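**Q** Here you go, run08.pdb (PDB, C-alpha atoms):
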ATOM      1  CA  TYR A   1      44.433 -49.551  27.022
ATOM      2  CA  MET A   2      43.607 -46.157  28.454
ATOM      3  CA  GLU A   3      43.937 -45.194  32.114
ATOM      4  CA  LEU A   4      40.790 -43.160  32.849
ATOM      5  CA  PHE A   5      40.602 -40.500  35.551
ATOM      6  CA  HIS A   6      36.898 -39.860  36.142
ATOM      7  CA  PHE A   7      35.721 -36.563  37.575
ATOM      8  CA  ASP A   8      32.559 -34.574  38.195
ATOM      9  CA  ILE A   9      31.901 -31.133  39.652
ATOM     10  CA  GLU A  10      29.029 -29.961  41.823
ATOM     11  CA  THR A  11      28.000 -26.329  41.668
ATOM     12  CA  ALA A  12      25.763 -23.889  43.515
ATOM     13  CA  ALA A  13      24.651 -20.285  43.205
ATOM     14  CA  ASN A  14      26.988 -17.688  44.682
ATOM     15  CA  TYR A  15      24.200 -16.385  46.944
ATOM     16  CA  LYS A  16      21.268 -18.036  48.699
ATOM     17  CA  ASP A  17      18.737 -15.881  46.830
ATOM     18  CA  PHE A  18      18.498 -12.965  44.424
ATOM     19  CA  GLU A  19      17.861 -10.406  47.174
ATOM     20  CA  THR A  20      21.151 -11.342  48.834
ATOM     21  CA  PHE A  21      22.831 -11.192  45.427
ATOM     22  CA  GLU A  22      21.513  -7.643  44.853
ATOM     23  CA  THR A  23      22.589  -6.522  48.320
ATOM     24  CA  ASN A  24      26.128  -7.862  47.948
ATOM     25  CA  ASP A  25      26.842  -7.440  44.229
ATOM     26  CA  GLU A  26      25.112  -4.590  42.417
ATOM     27  CA  ARG A  27      26.932  -5.095  39.110
ATOM     28  CA  GLY A  28      26.513  -8.877  39.011
ATOM     29  CA  SER A  29      22.828  -8.739  39.911
ATOM     30  CA  LYS A  30      22.238  -6.146  37.181
ATOM     31  CA  LEU A  31      23.999  -8.389  34.665
ATOM     32  CA  PHE A  32      21.791 -11.291  35.740
ATOM     33  CA  LYS A  33      18.650  -9.137  35.382
ATOM     34  CA  ASP A  34      19.816  -8.147  31.898
ATOM     35  CA  LYS A  35      20.247 -11.842  31.024
ATOM     36  CA  PHE A  36      16.756 -12.534  32.378
ATOM     37  CA  ASP A  37      15.337  -9.864  30.043
ATOM     38  CA  ARG A  38      17.536 -10.681  27.043
ATOM     39  CA  LEU A  39      16.733 -14.401  27.105
ATOM     40  CA  GLY A  40      13.011 -13.872  27.698
ATOM     41  CA  TRP A  41      12.995 -15.857  30.893
ATOM     42  CA  SER A  42       9.844 -14.050  32.061
ATOM     43  CA  SER A  43       7.900 -16.562  29.942
ATOM     44  CA  LYS A  44       9.472 -19.432  31.880
ATOM     45  CA  TYR A  45       9.860 -17.977  35.389
ATOM     46  CA  ASP A  46       7.512 -15.958  37.597
ATOM     47  CA  ASP A  47      10.275 -13.481  38.388
ATOM     48  CA  VAL A  48      14.025 -12.905  38.397
ATOM     49  CA  GLU A  49      14.251 -14.569  41.848
ATOM     50  CA  ALA A  50      12.901 -17.863  40.489
ATOM     51  CA  ALA A  51      15.238 -17.651  37.497
ATOM     52  CA  TYR A  52      18.213 -16.996  39.775
ATOM     53  CA  LEU A  53      17.399 -19.965  41.998
ATOM     54  CA  ASP A  54      17.071 -22.232  38.951
ATOM     55  CA  GLN A  55      19.902 -20.946  36.735
ATOM     56  CA  ALA A  56      22.660 -19.398  38.877
ATOM     57  CA  GLY A  57      24.089 -22.742  39.916
ATOM     58  CA  ILE A  58      24.608 -23.821  36.300
ATOM     59  CA  ILE A  59      26.054 -20.565  34.922
ATOM     60  CA  SER A  60      29.667 -20.170  35.997
ATOM     61  CA  THR A  61      29.440 -16.359  36.119
ATOM     62  CA  TYR A  62      26.824 -16.559  38.872
ATOM     63  CA  GLY A  63      27.805 -19.827  40.511
ATOM     64  CA  ARG A  64      30.634 -21.518  42.319
ATOM     65  CA  ILE A  65      32.189 -24.944  42.446
ATOM     66  CA  VAL A  66      31.485 -26.531  45.827
ATOM     67  CA  CYS A  67      32.835 -30.033  45.163
ATOM     68  CA  ILE A  68      35.003 -31.889  42.686
ATOM     69  CA  SER A  69      34.883 -35.673  43.011
ATOM     70  CA  PHE A  70      37.284 -37.885  41.133
ATOM     71  CA  GLY A  71      38.571 -41.396  40.940
ATOM     72  CA  TYR A  72      40.158 -44.187  38.977
ATOM     73  CA  ILE A  73      40.509 -47.945  39.049
ATOM     74  CA  ASP A  74      43.942 -49.076  40.245
ATOM     75  CA  ASN A  75      45.990 -51.986  38.882
ATOM     76  CA  GLU A  76      44.279 -54.438  41.240
ATOM     77  CA  GLY A  77      40.815 -53.358  40.083
ATOM     78  CA  HIS A  78      39.973 -51.336  43.208
ATOM     79  CA  ASN A  79      38.095 -48.054  42.944
ATOM     80  CA  LYS A  80      40.002 -45.072  44.310
ATOM     81  CA  ILE A  81      37.566 -42.194  44.839
ATOM     82  CA  THR A  82      37.830 -38.918  46.745
ATOM     83  CA  SER A  83      36.657 -35.298  46.656
ATOM     84  CA  PHE A  84      37.775 -31.738  47.235
ATOM     85  CA  TYR A  85      34.937 -29.709  48.742
ATOM     86  CA  GLY A  86      34.114 -26.777  50.966
ATOM     87  CA  ASP A  87      33.350 -23.070  50.953
ATOM     88  CA  ASP A  88      36.657 -21.946  49.441
ATOM     89  CA  GLU A  89      36.247 -22.318  45.686
ATOM     90  CA  LYS A  90      39.788 -21.149  44.950
ATOM     91  CA  ASP A  91      41.201 -23.834  47.242
ATOM     92  CA  ILE A  92      39.047 -26.528  45.583
ATOM     93  CA  VAL A  93      40.071 -25.671  42.014
ATOM     94  CA  GLU A  94      43.708 -25.089  42.961
ATOM     95  CA  LYS A  95      43.964 -28.505  44.643
ATOM     96  CA  PHE A  96      42.254 -30.155  41.686
ATOM     97  CA  ASN A  97      44.528 -28.398  39.194
ATOM     98  CA  ASN A  98      47.627 -29.468  41.153
ATOM     99  CA  LEU A  99      46.333 -33.042  41.151
ATOM    100  CA  LEU A 100      45.781 -32.874  37.381
ATOM    101  CA  LYS A 101      49.384 -31.764  36.920
ATOM    102  CA  ARG A 102      50.542 -34.865  38.828
ATOM    103  CA  ILE A 103      48.383 -37.352  36.898
ATOM    104  CA  GLU A 104      48.313 -35.863  33.390
ATOM    105  CA  SER A 105      51.148 -37.977  31.987
ATOM    106  CA  LYS A 106      49.443 -41.244  32.986
ATOM    107  CA  PHE A 107      45.678 -40.619  32.746
ATOM    108  CA  THR A 108      42.986 -39.494  30.338
ATOM    109  CA  LEU A 109      40.174 -37.373  31.804
ATOM    110  CA  CYS A 110      36.751 -38.999  31.720
ATOM    111  CA  GLY A 111      33.225 -37.992  32.676
ATOM    112  CA  PHE A 112      29.709 -37.335  31.434
ATOM    113  CA  ARG A 113      29.242 -34.058  29.527
ATOM    114  CA  ILE A 114      32.600 -32.827  30.851
ATOM    115  CA  ASN A 115      33.423 -31.117  27.542
ATOM    116  CA  TYR A 116      30.281 -29.000  27.829
ATOM    117  CA  PHE A 117      30.039 -28.334  31.557
ATOM    118  CA  ASP A 118      32.752 -29.535  33.940
ATOM    119  CA  ILE A 119      35.873 -28.612  31.972
ATOM    120  CA  PRO A 120      34.655 -25.100  30.985
ATOM    121  CA  TRP A 121      33.587 -24.424  34.590
ATOM    122  CA  VAL A 122      36.949 -25.502  36.000
ATOM    123  CA  LEU A 123      38.766 -23.413  33.382
ATOM    124  CA  HIS A 124      36.598 -20.349  34.110
ATOM    125  CA  LYS A 125      37.417 -20.606  37.794
ATOM    126  CA  LEU A 126      41.138 -21.215  37.225
ATOM    127  CA  HIS A 127      41.234 -18.085  35.056
ATOM    128  CA  LYS A 128      39.217 -16.166  37.657
ATOM    129  CA  TYR A 129      41.833 -16.902  40.323
ATOM    130  CA  GLY A 130      44.842 -16.437  38.038
ATOM    131  CA  ILE A 131      45.843 -20.098  38.189
ATOM    132  CA  ILE A 132      47.579 -21.559  35.130
ATOM    133  CA  PRO A 133      45.552 -24.633  34.060
ATOM    134  CA  ALA A 134      47.146 -28.055  33.969
ATOM    135  CA  ASN A 135      47.992 -29.088  30.418
ATOM    136  CA  ILE A 136      45.494 -31.991  30.441
ATOM    137  CA  ILE A 137      42.515 -29.688  30.996
ATOM    138  CA  TYR A 138      43.679 -26.829  28.789
ATOM    139  CA  LEU A 139      42.331 -27.895  25.390
ATOM    140  CA  TYR A 140      42.483 -24.692  23.344
ATOM    141  CA  ASP A 141      45.782 -25.065  21.542
ATOM    142  CA  LYS A 142      45.472 -28.794  20.824
ATOM    143  CA  LYS A 143      44.341 -30.860  17.902
ATOM    144  CA  PRO A 144      41.409 -33.154  18.810
ATOM    145  CA  TRP A 145      43.628 -36.246  18.754
ATOM    146  CA  ASP A 146      46.031 -34.613  21.221
ATOM    147  CA  CYS A 147      43.305 -34.015  23.842
ATOM    148  CA  LYS A 148      43.287 -36.558  26.630
ATOM    149  CA  VAL A 149      39.542 -36.383  27.319
ATOM    150  CA  VAL A 150      36.831 -39.012  27.011
ATOM    151  CA  ASP A 151      33.348 -37.528  27.319
ATOM    152  CA  MET A 152      30.905 -40.403  27.742
ATOM    153  CA  SER A 153      28.019 -38.258  26.471
ATOM    154  CA  ASP A 154      29.761 -38.074  23.083
ATOM    155  CA  ASP A 155      29.790 -41.876  22.878
ATOM    156  CA  TRP A 156      26.068 -42.068  23.650
ATOM    157  CA  LYS A 157      24.671 -39.061  21.839
ATOM    158  CA  SER A 158      23.743 -40.887  18.663
ATOM    159  CA  ARG A 159      21.805 -38.570  16.337
ATOM    160  CA  PHE A 160      20.551 -36.366  19.117
ATOM    161  CA  ALA A 161      23.188 -34.553  21.172
ATOM    162  CA  TRP A 162      21.265 -34.496  24.465
ATOM    163  CA  ALA A 163      19.059 -37.554  23.938
ATOM    164  CA  PHE A 164      20.615 -39.624  26.708
ATOM    165  CA  SER A 165      20.688 -38.908  30.419
ATOM    166  CA  PHE A 166      23.456 -40.097  32.702
ATOM    167  CA  ASP A 167      20.965 -42.508  34.328
ATOM    168  CA  GLU A 168      20.157 -44.004  30.930
ATOM    169  CA  LEU A 169      23.854 -44.527  30.234
ATOM    170  CA  LEU A 170      24.267 -46.271  33.599
ATOM    171  CA  TYR A 171      21.184 -48.389  32.923
ATOM    172  CA  GLU A 172      22.598 -49.542  29.592
ATOM    173  CA  LEU A 173      25.971 -50.343  31.159
ATOM    174  CA  ASN A 174      24.236 -52.152  34.035
TER     175      ASN A 174
END
Could you write out this structure as structure tokens?

**A**
Amino acid sequence: YMELFHFDIETAANYKDFETFETNDERGSKLFKDKFDRLGWSSKYDDVEAAYLDQAGIISTYGRIVCISFGYIDNEGHNKITSFYGDDEKDIVEKFNNLLKRIESKFTLCGFRINYFDIPWVLHKLHKYGIIPANIIYLYDKKPWDCKVVDMSDDWKSRFAWAFSFDELLYELN
């Protein structure tokens, strides 16, 4: 029996629009423009502004974590759920990392696509702020069987890695 600690992050762009980004961060906005050109986004977006509004919140370099929600089911079967949120990204990831250090001996991390989105984002931000990651989330020096992570998307991917949405998983599980 595995004690699962479920978590999910919510992200947003660092700036409200690309103009504000350019005004406040010349280097970062130039890097984003270069990405826009390099990836050929002009065929998908009307301009770099539209690309920024659509993509910045899902690329950790140009986005920020605004909320981390997490929970588990206690021994009596009750859901225990809470969140760290606000405008101070460093505070959010630091609190979450400290929590992970407290629970890592008992729990296994669980979520949907956490190996491909949530965990890398949290690690990027911990590195950004010079915070040493909790062992449970730091997966680089571990063999797969030593990682305490259950990514529900891996269980459902079947032949096609991204064939299932989170809503479809929930539908199947009722």

**Q** Residues picked by the PyMOL selection byres ((chain A and resi 49-57) around 7) here, as a VMD selection string?

**A** chain A and resid 11 to 13 17 to 18 45 to 48 58 to 59 62 to 63

**Q** Return as CSV the residues of region 3-70 of chain A lying at most 12 Å from region 141-161 of chain A, together with the closest atom-to-atom pair for each and the distance in Å to one decimal, counting all atoms listed in the file, with rows in chain order and ascending residue number.

**A**
residue,atom,partner,partner_atom,distance
A:Glu3,CA,A:Lys148,CA,10.3
A:Leu4,CA,A:Val150,CA,8.2
A:Phe5,CA,A:Val149,CA,9.3
A:His6,CA,A:Val150,CA,9.2
A:Phe7,CA,A:Asp151,CA,10.6
A:Asp8,CA,A:Asp151,CA,11.3

**Q** My list of candidates is A:Glu172, A:Asp25, A:Glu10, A:Asp37. Which is closest to Phe70 (chain A) when distances are computed with all atoms listed in the file?

**A**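 The answer is A:Glu10, which sits nearest to Phe70 (chain A).
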
**Q** Tell me, as a ChimeraX atom specification, which residues lie within 12 Å of region 84-94 of chain A, counting all atoms listed in the file; anything in the same chain fewer than 2 positions away does not count.

**A** /A:7-14,60,63-71,81-82,96-101,118-119,121-134,137

**Q** Report, as lines of an AutoDock Vina configuration file, the centre and edge lengths in Å (one decimal) of the axis-aligned box enclosing every listed atom of region 52-61 of chain A, padded by 4 Å on each side.

**A**
center_x = 23.4
center_y = -20.1
center_z = 38.5
size_x = 20.6
size_y = 15.5
size_z = 15.1
